[in-house]
$ cat structure-v8.cif   # mmCIF, C-alpha atoms and all ligand atoms
data_upload
loop_
_atom_site.label_atom_id
_atom_site.label_comp_id
_atom_site.auth_asym_id
_atom_site.auth_seq_id
_atom_site.Cartn_x
_atom_site.Cartn_y
_atom_site.Cartn_z
CA MET A 1 -101.02 -126.44 7.64
CA ASN A 2 -98.57 -124.55 5.46
CA ARG A 3 -99.79 -121.27 4.04
CA ILE A 4 -98.96 -119.35 0.93
CA TYR A 5 -99.31 -115.58 0.82
CA LYS A 6 -99.63 -113.75 -2.47
CA ALA A 7 -98.86 -110.02 -2.74
CA ASN A 8 -96.33 -107.50 -4.01
CA ILE A 9 -93.36 -108.62 -1.96
CA LEU A 10 -90.42 -106.39 -1.01
CA PHE A 11 -87.50 -107.17 1.29
CA THR A 12 -83.76 -106.54 1.55
CA LYS A 13 -81.61 -109.64 1.44
CA GLU A 14 -78.66 -107.33 0.79
CA LYS A 15 -78.45 -103.77 1.98
CA SER A 16 -77.66 -102.48 -1.50
CA ARG A 17 -81.03 -103.28 -3.09
CA PHE A 18 -84.60 -104.40 -2.61
CA GLU A 19 -85.77 -107.82 -3.75
CA ILE A 20 -89.06 -107.06 -5.48
CA LEU A 21 -91.56 -109.72 -6.50
CA GLU A 22 -94.60 -108.28 -8.23
CA ASN A 23 -97.52 -110.60 -7.51
CA GLY A 24 -95.14 -112.99 -5.79
CA TYR A 25 -95.66 -115.85 -3.36
CA ILE A 26 -94.28 -116.73 0.08
CA ALA A 27 -94.82 -120.16 1.62
CA VAL A 28 -94.78 -120.34 5.44
CA ASP A 29 -94.70 -123.53 7.51
CA ASP A 30 -96.50 -124.45 10.73
CA ASN A 31 -93.64 -123.17 12.84
CA GLY A 32 -94.02 -119.74 11.29
CA CYS A 33 -90.89 -120.02 9.15
CA VAL A 34 -90.54 -119.08 5.50
CA ILE A 35 -90.22 -122.14 3.25
CA GLY A 36 -89.68 -120.22 0.04
CA VAL A 37 -90.41 -117.06 -1.89
CA ALA A 38 -90.94 -116.95 -5.65
CA LYS A 39 -92.46 -115.07 -8.56
CA ASP A 40 -94.68 -117.94 -9.59
CA LEU A 41 -96.65 -120.54 -7.69
CA ALA A 42 -95.14 -123.49 -9.56
CA SER A 43 -91.65 -122.86 -8.20
CA ILE A 44 -92.72 -122.71 -4.58
CA ASP A 45 -92.88 -125.70 -2.30
CA GLY A 46 -96.24 -125.44 -0.59
CA GLU A 47 -97.97 -128.78 -1.17
CA GLY A 48 -101.63 -128.54 -0.25
CA ALA A 49 -101.17 -125.14 1.31
CA GLU A 50 -103.97 -122.66 1.75
CA ILE A 51 -103.42 -119.59 -0.48
CA ILE A 52 -104.15 -116.17 0.98
CA ASP A 53 -104.27 -113.48 -1.66
CA PHE A 54 -103.48 -109.92 -0.58
CA GLY A 55 -104.06 -108.62 -4.10
CA ASP A 56 -102.24 -105.41 -4.97
CA ARG A 57 -101.03 -104.76 -1.44
CA LEU A 58 -97.40 -104.64 -0.34
CA LEU A 59 -95.99 -107.43 1.84
CA ILE A 60 -92.80 -106.49 3.69
CA PRO A 61 -90.86 -107.68 6.77
CA ALA A 62 -92.14 -106.22 10.05
CA MET A 63 -90.22 -103.52 11.89
CA ASN A 64 -87.75 -104.06 14.75
CA ASP A 65 -87.03 -101.41 17.39
CA LEU A 66 -83.60 -101.98 18.90
CA HIS A 67 -83.86 -99.37 21.63
CA VAL A 68 -86.93 -98.05 23.40
CA HIS A 69 -87.88 -97.09 26.98
CA ALA A 70 -91.40 -98.32 27.75
CA PRO A 71 -91.74 -96.33 31.02
CA GLN A 72 -91.00 -93.08 29.20
CA TYR A 73 -94.13 -93.44 27.10
CA ARG A 74 -96.04 -90.75 28.98
CA ASN A 75 -93.20 -88.31 28.27
CA GLN A 76 -93.37 -88.87 24.52
CA GLY A 77 -93.43 -85.51 22.74
CA ILE A 78 -92.75 -83.37 25.81
CA ALA A 79 -89.72 -82.09 27.71
CA MET A 80 -87.38 -81.43 24.80
CA ASP A 81 -85.64 -78.38 26.26
CA LEU A 82 -82.67 -79.99 27.99
CA GLU A 83 -79.62 -82.03 27.08
CA LEU A 84 -79.21 -85.60 28.24
CA LEU A 85 -78.04 -85.39 31.85
CA PRO A 86 -80.39 -82.65 33.11
CA TRP A 87 -83.15 -84.20 30.95
CA LEU A 88 -82.75 -87.49 32.81
CA GLU A 89 -82.76 -85.81 36.20
CA ASN A 90 -85.65 -83.45 35.61
CA TYR A 91 -88.05 -85.41 33.42
CA THR A 92 -87.11 -89.03 32.99
CA PHE A 93 -86.22 -90.25 36.46
CA PRO A 94 -89.34 -88.70 38.06
CA GLU A 95 -91.54 -90.46 35.49
CA GLU A 96 -89.80 -93.83 35.86
CA MET A 97 -90.26 -93.68 39.64
CA LYS A 98 -94.01 -93.97 39.11
CA TYR A 99 -93.54 -97.58 37.96
CA ALA A 100 -93.29 -98.74 41.55
CA ASP A 101 -97.09 -98.60 41.18
CA THR A 102 -98.11 -101.67 39.14
CA ALA A 103 -101.57 -100.26 38.35
CA TYR A 104 -99.97 -97.22 36.71
CA ALA A 105 -97.44 -99.47 34.99
CA GLU A 106 -100.14 -101.71 33.57
CA ARG A 107 -102.15 -98.82 32.17
CA MET A 108 -99.15 -97.21 30.49
CA TYR A 109 -97.51 -100.43 29.32
CA ARG A 110 -100.68 -101.60 27.57
CA ARG A 111 -100.84 -98.33 25.66
CA PHE A 112 -97.17 -98.63 24.80
CA VAL A 113 -97.49 -102.17 23.40
CA ARG A 114 -100.65 -101.24 21.51
CA ASP A 115 -98.81 -98.40 19.81
CA LEU A 116 -95.81 -100.54 18.89
CA TRP A 117 -98.38 -102.85 17.29
CA ARG A 118 -99.99 -99.93 15.48
CA PHE A 119 -96.73 -98.94 13.83
CA GLY A 120 -95.88 -102.46 12.78
CA THR A 121 -93.04 -103.10 15.22
CA MET A 122 -93.17 -106.80 16.00
CA ARG A 123 -89.86 -107.11 17.90
CA SER A 124 -88.23 -104.72 20.31
CA CYS A 125 -85.41 -104.39 22.81
CA VAL A 126 -87.00 -102.60 25.70
CA PHE A 127 -85.78 -100.84 28.82
CA ALA A 128 -88.29 -101.16 31.67
CA THR A 129 -87.42 -99.78 35.15
CA ILE A 130 -85.79 -101.18 38.26
CA HIS A 131 -89.18 -102.51 39.39
CA THR A 132 -89.42 -106.28 39.04
CA GLU A 133 -93.22 -106.55 39.25
CA SER A 134 -93.86 -103.89 36.62
CA THR A 135 -91.23 -105.43 34.39
CA ARG A 136 -92.93 -108.81 34.71
CA LEU A 137 -96.20 -107.15 33.73
CA LEU A 138 -94.64 -105.68 30.61
CA MET A 139 -93.26 -109.08 29.61
CA ASN A 140 -96.70 -110.61 30.08
CA ILE A 141 -98.37 -107.93 27.96
CA PHE A 142 -95.97 -108.65 25.08
CA GLU A 143 -96.58 -112.36 25.55
CA GLU A 144 -100.38 -111.98 25.48
CA ALA A 145 -100.12 -109.80 22.38
CA GLY A 146 -97.96 -112.36 20.54
CA MET A 147 -95.23 -109.82 19.88
CA GLY A 148 -91.50 -110.44 20.36
CA ALA A 149 -89.51 -108.51 22.94
CA LEU A 150 -86.35 -108.61 24.99
CA VAL A 151 -87.29 -106.73 28.14
CA GLY A 152 -84.71 -105.40 30.58
CA LYS A 153 -85.23 -104.74 34.24
CA VAL A 154 -82.92 -101.75 34.58
CA GLY A 155 -79.85 -101.88 36.83
CA MET A 156 -79.12 -98.59 38.64
CA ASN A 157 -77.64 -97.88 42.05
CA ARG A 158 -75.92 -94.49 41.98
CA ASN A 159 -76.37 -90.93 40.72
CA CYS A 160 -80.12 -91.27 40.66
CA PRO A 161 -83.01 -90.61 43.08
CA GLU A 162 -83.44 -93.04 45.93
CA GLY A 163 -86.67 -94.31 44.40
CA LEU A 164 -84.77 -95.53 41.34
CA SER A 165 -81.82 -97.06 43.13
CA GLU A 166 -81.70 -100.75 43.92
CA SER A 167 -79.14 -102.83 45.78
CA VAL A 168 -77.05 -105.24 43.73
CA GLU A 169 -78.49 -108.20 45.68
CA SER A 170 -82.04 -107.13 44.97
CA TYR A 171 -81.23 -106.58 41.30
CA ILE A 172 -79.80 -110.09 40.97
CA GLU A 173 -82.77 -111.61 42.74
CA GLY A 174 -85.24 -109.76 40.50
CA MET A 175 -83.40 -110.68 37.31
CA GLU A 176 -83.20 -114.34 38.26
CA ALA A 177 -86.91 -114.41 38.98
CA LEU A 178 -87.74 -112.82 35.60
CA MET A 179 -85.44 -114.95 33.48
CA LYS A 180 -86.79 -118.20 34.84
CA GLU A 181 -90.29 -117.25 33.93
CA LYS A 182 -89.92 -117.38 30.18
CA GLY A 183 -88.97 -120.39 28.16
CA LYS A 184 -89.02 -120.59 24.39
CA SER A 185 -91.59 -117.87 23.90
CA LEU A 186 -91.21 -114.68 21.92
CA VAL A 187 -90.41 -112.76 25.08
CA GLY A 188 -87.18 -112.88 27.05
CA THR A 189 -85.03 -110.88 29.42
CA ILE A 190 -81.95 -108.84 28.61
CA ILE A 191 -79.28 -107.58 31.00
CA THR A 192 -79.77 -103.81 31.18
CA PRO A 193 -77.33 -101.68 33.16
CA ARG A 194 -78.76 -98.21 32.43
CA PHE A 195 -75.34 -96.68 31.71
CA VAL A 196 -72.04 -96.36 33.54
CA PRO A 197 -72.94 -93.18 35.50
CA THR A 198 -75.86 -94.91 37.26
CA CYS A 199 -74.10 -98.23 37.95
CA THR A 200 -71.36 -98.80 40.51
CA PRO A 201 -68.55 -101.19 39.59
CA GLU A 202 -70.32 -103.80 41.77
CA MET A 203 -73.53 -103.39 39.76
CA LEU A 204 -71.67 -103.61 36.45
CA ARG A 205 -69.83 -106.71 37.67
CA ALA A 206 -73.09 -108.36 38.74
CA CYS A 207 -74.62 -107.57 35.34
CA GLY A 208 -71.66 -109.11 33.51
CA GLU A 209 -71.74 -112.19 35.72
CA LEU A 210 -75.47 -112.72 35.16
CA ALA A 211 -75.05 -112.34 31.40
CA ALA A 212 -72.27 -114.94 31.36
CA LYS A 213 -73.97 -117.36 33.76
CA TYR A 214 -77.32 -117.40 31.94
CA HIS A 215 -76.10 -116.58 28.41
CA LEU A 216 -78.26 -113.48 28.31
CA PRO A 217 -77.92 -110.61 25.86
CA VAL A 218 -76.95 -107.12 27.06
CA GLN A 219 -78.17 -103.61 26.23
CA SER A 220 -77.08 -100.19 27.40
CA HIS A 221 -76.17 -96.66 26.28
CA LEU A 222 -72.81 -95.65 24.85
CA SER A 223 -71.11 -92.36 23.92
CA GLU A 224 -74.34 -90.44 23.45
CA ASN A 225 -73.42 -87.03 24.81
CA LYS A 226 -70.13 -85.24 25.48
CA ASP A 227 -70.86 -84.42 29.15
CA GLU A 228 -71.80 -88.05 29.70
CA ILE A 229 -68.55 -89.25 28.11
CA ALA A 230 -66.46 -86.90 30.29
CA TRP A 231 -68.32 -88.13 33.37
CA VAL A 232 -67.66 -91.77 32.50
CA ALA A 233 -63.95 -90.99 32.06
CA GLU A 234 -63.95 -89.61 35.64
CA LEU A 235 -65.91 -92.52 37.08
CA GLU A 236 -63.88 -95.25 35.34
CA PRO A 237 -60.42 -93.66 35.01
CA GLU A 238 -58.74 -96.93 34.11
CA SER A 239 -60.88 -97.54 31.05
CA THR A 240 -59.34 -96.69 27.71
CA CYS A 241 -62.71 -95.50 26.39
CA TYR A 242 -66.38 -95.55 27.42
CA GLY A 243 -66.90 -98.91 25.70
CA ASP A 244 -63.97 -100.35 27.63
CA ALA A 245 -65.78 -99.47 30.88
CA TYR A 246 -68.44 -102.03 29.85
CA ASN A 247 -65.93 -104.43 28.38
CA ARG A 248 -64.06 -104.76 31.67
CA TYR A 249 -67.20 -106.12 33.26
CA GLY A 250 -68.13 -108.54 30.47
CA LEU A 251 -70.83 -106.24 29.07
CA PHE A 252 -69.45 -105.52 25.63
CA GLY A 253 -70.04 -108.40 23.27
CA GLN A 254 -69.15 -111.28 25.59
CA THR A 255 -72.81 -112.14 24.98
CA PRO A 256 -74.86 -110.51 22.16
CA THR A 257 -74.83 -106.79 22.93
CA ILE A 258 -76.64 -103.68 21.73
CA MET A 259 -75.32 -100.23 22.53
CA ALA A 260 -77.64 -97.31 21.86
CA HIS A 261 -76.50 -94.08 20.20
CA CYS A 262 -72.70 -94.31 19.70
CA VAL A 263 -72.82 -90.73 18.48
CA TRP A 264 -69.21 -90.01 19.41
CA SER A 265 -67.56 -93.46 19.18
CA GLU A 266 -64.22 -93.56 17.42
CA GLY A 267 -60.75 -95.12 17.43
CA ASN A 268 -60.37 -97.71 20.19
CA GLU A 269 -64.03 -97.86 20.90
CA VAL A 270 -65.02 -98.66 17.32
CA GLU A 271 -62.22 -101.25 17.15
CA LEU A 272 -63.51 -102.91 20.29
CA MET A 273 -67.08 -102.89 18.99
CA LYS A 274 -65.95 -104.45 15.77
CA ARG A 275 -63.88 -107.10 17.48
CA ASN A 276 -66.67 -107.97 19.92
CA ASN A 277 -69.52 -107.77 17.39
CA VAL A 278 -71.33 -105.12 19.44
CA MET A 279 -74.40 -103.85 17.62
CA VAL A 280 -75.28 -100.15 17.32
CA ALA A 281 -78.87 -99.00 17.90
CA HIS A 282 -79.05 -95.78 15.91
CA CYS A 283 -81.71 -93.44 17.35
CA PRO A 284 -81.65 -90.34 15.15
CA THR A 285 -84.69 -88.50 16.60
CA SER A 286 -83.41 -88.87 20.10
CA ASN A 287 -80.03 -87.56 19.04
CA PHE A 288 -81.75 -84.47 17.63
CA ASN A 289 -84.15 -83.88 20.51
CA VAL A 290 -81.68 -84.04 23.38
CA ALA A 291 -79.11 -82.31 21.16
CA SER A 292 -76.56 -85.10 21.40
CA GLY A 293 -75.12 -84.99 17.89
CA MET A 294 -75.22 -86.98 14.66
CA ALA A 295 -74.12 -90.60 14.74
CA PRO A 296 -71.80 -91.32 11.78
CA ILE A 297 -73.64 -94.37 10.49
CA ARG A 298 -72.01 -94.48 7.06
CA ARG A 299 -68.62 -94.66 8.76
CA TYR A 300 -69.84 -97.50 10.99
CA LEU A 301 -71.25 -99.44 8.03
CA ASN A 302 -67.97 -98.94 6.17
CA GLU A 303 -66.14 -100.32 9.23
CA GLY A 304 -68.41 -103.38 9.15
CA LEU A 305 -70.27 -102.63 12.40
CA ARG A 306 -73.76 -104.04 12.81
CA VAL A 307 -76.36 -101.27 12.94
CA GLY A 308 -80.12 -101.29 13.57
CA LEU A 309 -82.62 -98.53 14.32
CA GLY A 310 -84.27 -97.52 17.59
CA SER A 311 -86.99 -95.04 18.52
CA ASP A 312 -85.55 -94.33 21.99
CA ILE A 313 -88.87 -93.05 23.30
CA SER A 314 -88.92 -90.52 24.97
CA GLY A 315 -85.58 -89.00 24.02
CA GLY A 316 -87.02 -89.83 20.61
CA HIS A 317 -90.58 -88.59 20.06
CA ASP A 318 -91.64 -90.94 17.28
CA LEU A 319 -92.43 -94.65 17.69
CA SER A 320 -92.54 -95.38 13.95
CA ILE A 321 -89.49 -97.25 12.67
CA PHE A 322 -90.51 -96.22 9.16
CA ARG A 323 -90.04 -92.63 10.19
CA MET A 324 -86.75 -93.62 11.81
CA MET A 325 -85.53 -94.74 8.37
CA VAL A 326 -86.29 -91.27 7.02
CA TYR A 327 -84.49 -89.54 9.90
CA ALA A 328 -81.49 -91.86 9.53
CA ILE A 329 -81.22 -90.95 5.85
CA GLN A 330 -81.58 -87.25 6.63
CA VAL A 331 -78.86 -87.32 9.30
CA SER A 332 -76.56 -89.09 6.86
CA LYS A 333 -77.20 -86.30 4.34
CA MET A 334 -76.01 -83.75 6.89
CA HIS A 335 -72.84 -85.77 7.40
CA TYR A 336 -72.42 -85.89 3.65
CA GLN A 337 -72.59 -82.12 3.53
CA GLN A 338 -69.67 -82.01 5.95
CA ASP A 339 -67.70 -84.74 4.22
CA HIS A 340 -68.37 -85.87 0.67
CA ASN A 341 -66.38 -89.05 1.30
CA LEU A 342 -69.33 -90.31 3.33
CA PRO A 343 -72.15 -91.04 0.86
CA PHE A 344 -75.57 -90.65 2.43
CA LEU A 345 -77.66 -93.71 3.22
CA THR A 346 -79.87 -95.13 0.51
CA LEU A 347 -83.46 -96.21 1.03
CA SER A 348 -82.57 -99.88 0.79
CA GLU A 349 -79.80 -99.46 3.37
CA ALA A 350 -82.18 -97.79 5.82
CA PHE A 351 -84.82 -100.49 5.22
CA TRP A 352 -82.21 -103.22 5.69
CA MET A 353 -81.07 -101.67 8.99
CA ALA A 354 -84.66 -101.69 10.26
CA THR A 355 -85.43 -105.22 9.09
CA LYS A 356 -82.70 -107.76 8.35
CA SER A 357 -79.89 -106.10 10.30
CA ALA A 358 -81.91 -105.24 13.44
CA GLY A 359 -83.83 -108.51 13.15
CA SER A 360 -80.59 -110.48 13.41
CA PHE A 361 -80.51 -109.67 17.12
CA PHE A 362 -83.66 -111.80 17.57
CA GLY A 363 -82.55 -114.77 15.47
CA ARG A 364 -83.49 -115.35 11.84
CA VAL A 365 -85.79 -112.36 11.67
CA GLY A 366 -86.22 -109.47 9.27
CA SER A 367 -86.03 -111.08 5.83
CA PHE A 368 -88.13 -113.44 3.69
CA GLU A 369 -85.34 -115.86 2.85
CA PRO A 370 -86.02 -119.54 3.54
CA GLY A 371 -85.68 -120.36 7.25
CA TYR A 372 -86.53 -116.83 8.40
CA GLU A 373 -89.36 -116.38 10.87
CA PHE A 374 -92.33 -114.84 9.07
CA ASP A 375 -92.60 -111.39 10.69
CA ALA A 376 -94.51 -109.35 8.15
CA LEU A 377 -96.73 -106.37 7.43
CA VAL A 378 -99.35 -106.01 4.73
CA ILE A 379 -99.61 -102.41 3.53
CA ASP A 380 -102.68 -101.14 1.73
CA ASP A 381 -101.34 -97.95 0.19
CA ARG A 382 -104.26 -97.21 -2.14
CA ASP A 383 -104.69 -93.76 -0.61
CA LEU A 384 -101.02 -92.97 -1.33
CA ASN A 385 -100.92 -94.55 -4.78
CA HIS A 386 -103.06 -92.42 -7.06
CA ASP A 387 -100.58 -92.26 -9.90
CA ASN A 388 -99.48 -95.79 -10.67
CA TYR A 389 -96.15 -95.61 -8.97
CA THR A 390 -93.66 -98.48 -9.35
CA LEU A 391 -93.35 -100.88 -6.42
CA LEU A 392 -90.08 -99.23 -5.40
CA GLU A 393 -91.73 -95.81 -5.47
CA ARG A 394 -94.69 -97.18 -3.52
CA ILE A 395 -92.50 -98.45 -0.67
CA GLU A 396 -90.59 -95.17 -0.67
CA ARG A 397 -93.82 -93.18 -0.47
CA TYR A 398 -95.12 -95.42 2.30
CA ILE A 399 -91.89 -94.97 4.29
CA TYR A 400 -91.98 -91.18 3.89
CA LEU A 401 -95.73 -90.53 4.00
CA GLY A 402 -97.49 -93.56 5.43
CA ASP A 403 -98.60 -94.33 8.96
CA ASP A 404 -100.50 -96.99 10.91
CA ARG A 405 -103.68 -96.50 8.86
CA GLN A 406 -102.21 -98.30 5.88
CA ILE A 407 -101.00 -101.36 7.83
CA VAL A 408 -103.80 -103.89 7.43
CA HIS A 409 -102.19 -107.12 8.70
CA ARG A 410 -99.28 -107.82 11.05
CA PHE A 411 -97.57 -111.16 11.56
CA CYS A 412 -95.05 -112.23 14.15
CA ARG A 413 -93.39 -115.65 13.79
CA GLY A 414 -96.08 -116.72 11.34
CA LYS A 415 -99.10 -115.78 13.46
CA GLU A 416 -101.31 -112.84 12.73
CA VAL A 417 -101.24 -110.35 15.62
CA VAL A 418 -104.65 -108.76 16.01
CA LEU A 419 -105.66 -105.70 18.01
CA CYS A 420 -107.73 -106.49 21.10
CA CYS A 421 -106.52 -110.06 21.29
CA GLY A 422 -107.05 -111.23 24.86
CA GLN A 423 -106.48 -108.48 27.37
CA ALA A 424 -103.42 -107.07 25.71
CA PHE A 425 -104.86 -103.79 24.49
CA LYS A 426 -107.33 -102.65 27.12
N1 LIG B 501 -78.76 -92.64 29.01
C1 LIG B 501 -79.10 -93.17 30.20
N2 LIG B 501 -80.44 -93.27 30.32
C2 LIG B 501 -80.96 -92.80 29.19
C3 LIG B 501 -82.30 -92.64 28.71
O1 LIG B 501 -83.28 -92.96 29.38
N3 LIG B 501 -82.43 -92.10 27.48
C4 LIG B 501 -81.36 -91.74 26.72
N4 LIG B 501 -81.57 -91.22 25.52
N5 LIG B 501 -80.11 -91.86 27.14
C5 LIG B 501 -79.91 -92.39 28.36
FE FE B 502 -82.20 -94.74 25.60
#
$ encode --input "structure-v8.cif" --output "structure tokens" --more "lines below"
Ligand code: GUN
Ligand code: FE
Amino acid sequence: MNRIYKANILFTKEKSRFEILENGYIAVDDNGCVIGVAKDLASIDGEGAEIIDFGDRLLIPAMNDLHVHAPQYRNQGIAMDLELLPWLENYTFPEEMKYADTAYAERMYRRFVRDLWRFGTMRSCVFATIHTESTRLLMNIFEEAGMGALVGKVGMNRNCPEGLSESVESYIEGMEALMKEKGKSLVGTIITPRFVPTCTPEMLRACGELAAKYHLPVQSHLSENKDEIAWVAELEPESTCYGDAYNRYGLFGQTPTIMAHCVWSEGNEVELMKRNNVMVAHCPTSNFNVASGMAPIRRYLNEGLRVGLGSDISGGHDLSIFRMMVYAIQVSKMHYQQDHNLPFLTLSEAFWMATKSAGSFFGRVGSFEPGYEFDALVIDDRDLNHDNYTLLERIERYIYLGDDRQIVHRFCRGKEVVLCCGQAFK
């Protein structure tokens, strides 16, 4: 049966402003898609629908995390004293090696998915590890929870410990096994070469061929750190830029592609991203923690690049995409201090990046326009709203001050996602 939800509704159809419907209505059909949204019940098409009244609460699109490493969850909030390359070698690779053990993987992955749920992230693009069984487990945990995810078994076969290196043949076999498992569900696979330094040309070629053959999306890292960029130039001397090193292997927009960071992308690389519709996952906390730099997001938006937000646990320490909006705005203010021609990001722009823009990678996700999948959060901000703030002020205060305690309902594709459903959150 169709349902109608009543609440204070906020979403960003355009990045320049919030749509705000005080005591508005959203009708959702049986497939979990929005039929319509309106200020009054009479103008909404919800014949015979059940009405669920959320009173004075806020109803907003759910969060999307475009870049996060599930097997780095144990390292969240530790090991922030090194830059990217030594950080990977000393902290990250040793932790990821533990995921050969499926019992360890299951324990950590359940906590990880539970905490995404807590912070209202209903869709994510996730790096797992090279281990096929643990990756399958992670996909199943998302599936059980009813949360959307594109999960990548990671491709790596050089410049990493033996325990994290896999032959190209074994990688292909594992990927083919994983992709066949999932049909039309909320969970799918994504081709995930870790980054150029850990993938031989043969591995990159295999990744590109799999993406083309099975029409799978692609995710990786791009131009995050200056030492990394110099290393890639040595490893792939014929490439005109780091992005071109992916492009040559069919991993740069030939199928839908997300590149994390893009802190130092410019010139050719930005042109290629634009031409190939490559999406940027902006991960501001990670960029601070591993001292990579400040991604010039205003410049990318001006260029027309697609940009979403990512937590990048555990380079990033914070799983909340709300907090990521704040960090993204703050970084843009530092850029603005250096160059007044780059206006800092507004609240609606940051919200749009986290919802409608990032959501576009998963289909019609991230807005409440008709035809969009109903991914939503209900926020009870009474404890933050002592002084009769406006709805715009209330969402701003929630973004800056709120946390999981104020999120009282979560929906993914029309279904409420509840803690402790099935075995998902042991
Ligand atoms: N580049 C390659 N691997 C990683 C990773 O795990 N985290 C980050 N931040 N950058 C990477
Ligand atoms: Fe990352």
$ residues_around --input "structure-v8.cif" --residues "range 389-395 of chain A" --least-positions-apart "6" --cutoff "8 Å" --atoms "only C-alpha atoms" --output "ChimeraX atom specification"
/A:8,20,22,58,381
$ residues_near_ligand --input "structure-v8.cif" --ligand "ligand FE 502 (chain B)" --cutoff "8 Å" --atoms "only C-alpha atoms and all ligand atoms" --output "list in words"
His67, Val68, His69, Phe127, Ser220, His221, Ala260, His261, Asp312, Ile313, Ser314 and Gly315 of chain A
$ closest_residue --input "structure-v8.cif" --among "A:Arg306, A:Arg57, A:Lys333, A:Arg382" --to "Ala7 in chain A" --atoms "only C-alpha atoms"
A:Arg57
$ residues_around --input "structure-v8.cif" --residues "His335 in chain A" --least-positions-apart "2" --cutoff "9 Å" --atoms "all atoms listed in the file" --output "PDB file with C-alpha atoms, keeping the file's coordinate frame"
ATOM      1  CA  MET A 294     -75.220 -86.980  14.660  1.00  0.00           C
ATOM      2  CA  ALA A 295     -74.120 -90.600  14.740  1.00  0.00           C
ATOM      3  CA  PRO A 296     -71.800 -91.320  11.780  1.00  0.00           C
ATOM      4  CA  ARG A 298     -72.010 -94.480   7.060  1.00  0.00           C
ATOM      5  CA  GLN A 330     -81.580 -87.250   6.630  1.00  0.00           C
ATOM      6  CA  VAL A 331     -78.860 -87.320   9.300  1.00  0.00           C
ATOM      7  CA  SER A 332     -76.560 -89.090   6.860  1.00  0.00           C
ATOM      8  CA  LYS A 333     -77.200 -86.300   4.340  1.00  0.00           C
ATOM      9  CA  GLN A 337     -72.590 -82.120   3.530  1.00  0.00           C
ATOM     10  CA  GLN A 338     -69.670 -82.010   5.950  1.00  0.00           C
ATOM     11  CA  ASP A 339     -67.700 -84.740   4.220  1.00  0.00           C
ATOM     12  CA  HIS A 340     -68.370 -85.870   0.670  1.00  0.00           C
ATOM     13  CA  LEU A 342     -69.330 -90.310   3.330  1.00  0.00           C
ATOM     14  CA  PRO A 343     -72.150 -91.040   0.860  1.00  0.00           C
ATOM     15  CA  PHE A 344     -75.570 -90.650   2.430  1.00  0.00           C
TER      16      PHE A 344
END
$ residues_near_ligand --input "structure-v8.cif" --ligand "ligand LIG 501 (chain B)" --cutoff "10 Å" --atoms "all atoms listed in the file" --output "PyMOL selection string"
chain A and resi 67-72+83-85+87-89+91-93+96+127-129+154+156+193-198+220-225+228+260-261+283+285-287+289-290+292+311-316
$ atom_distance --input "structure-v8.cif" --atom1 "CA of Pro256 in chain A" --atom2 "CA of Leu137 in chain A"
24.5 Å
$ residues_near_point --input "structure-v8.cif" --point "(-101.4, -112.9, -5.2)" --cutoff "12 Å" --atoms "all atoms listed in the file" --output "ChimeraX atom specification"
/A:4-9,21-27,38-41,51-59
$ residues_around --input "structure-v8.cif" --residues "Asn64 in chain A" --least-positions-apart "2" --cutoff "12 Å" --atoms "only C-alpha atoms" --output "PyMOL selection string"
chain A and resi 61-62+66-68+116-117+119-126+147-150+281+307-311+319-322+324-325+351-363+365-367+375-377+412
$ atom_distance --input "structure-v8.cif" --atom1 "CA of Glu271 in chain A" --atom2 "CA of His215 in chain A"
23.5 Å
$ build_atoms --input "structure-v8.cif" --residues "range 394-402 of chain A" --atoms "N, CA and C atoms" --output "PDB file, in the frame of the given file"
ATOM      1  N   ARG A 394     -93.609 -97.007  -4.507  1.00  0.00           N
ATOM      2  CA  ARG A 394     -94.690 -97.180  -3.520  1.00  0.00           C
ATOM      3  C   ARG A 394     -94.110 -97.416  -2.131  1.00  0.00           C
ATOM      4  N   ILE A 395     -93.051 -98.222  -2.018  1.00  0.00           N
ATOM      5  CA  ILE A 395     -92.500 -98.450  -0.670  1.00  0.00           C
ATOM      6  C   ILE A 395     -91.823 -97.168  -0.170  1.00  0.00           C
ATOM      7  N   GLU A 396     -91.209 -96.437  -1.085  1.00  0.00           N
ATOM      8  CA  GLU A 396     -90.590 -95.170  -0.670  1.00  0.00           C
ATOM      9  C   GLU A 396     -91.645 -94.193  -0.162  1.00  0.00           C
ATOM     10  N   ARG A 397     -92.743 -94.094  -0.897  1.00  0.00           N
ATOM     11  CA  ARG A 397     -93.820 -93.180  -0.470  1.00  0.00           C
ATOM     12  C   ARG A 397     -94.419 -93.636   0.853  1.00  0.00           C
ATOM     13  N   TYR A 398     -94.572 -94.961   1.015  1.00  0.00           N
ATOM     14  CA  TYR A 398     -95.120 -95.420   2.300  1.00  0.00           C
ATOM     15  C   TYR A 398     -94.174 -95.050   3.440  1.00  0.00           C
ATOM     16  N   ILE A 399     -92.868 -95.269   3.229  1.00  0.00           N
ATOM     17  CA  ILE A 399     -91.890 -94.970   4.290  1.00  0.00           C
ATOM     18  C   ILE A 399     -91.930 -93.483   4.644  1.00  0.00           C
ATOM     19  N   TYR A 400     -92.008 -92.630   3.632  1.00  0.00           N
ATOM     20  CA  TYR A 400     -91.980 -91.180   3.890  1.00  0.00           C
ATOM     21  C   TYR A 400     -93.333 -90.620   4.320  1.00  0.00           C
ATOM     22  N   LEU A 401     -94.423 -91.178   3.794  1.00  0.00           N
ATOM     23  CA  LEU A 401     -95.730 -90.530   4.000  1.00  0.00           C
ATOM     24  C   LEU A 401     -96.729 -91.374   4.785  1.00  0.00           C
ATOM     25  N   GLY A 402     -96.483 -92.673   4.863  1.00  0.00           N
ATOM     26  CA  GLY A 402     -97.490 -93.560   5.430  1.00  0.00           C
ATOM     27  C   GLY A 402     -97.524 -93.515   6.947  1.00  0.00           C
TER      28      GLY A 402
END
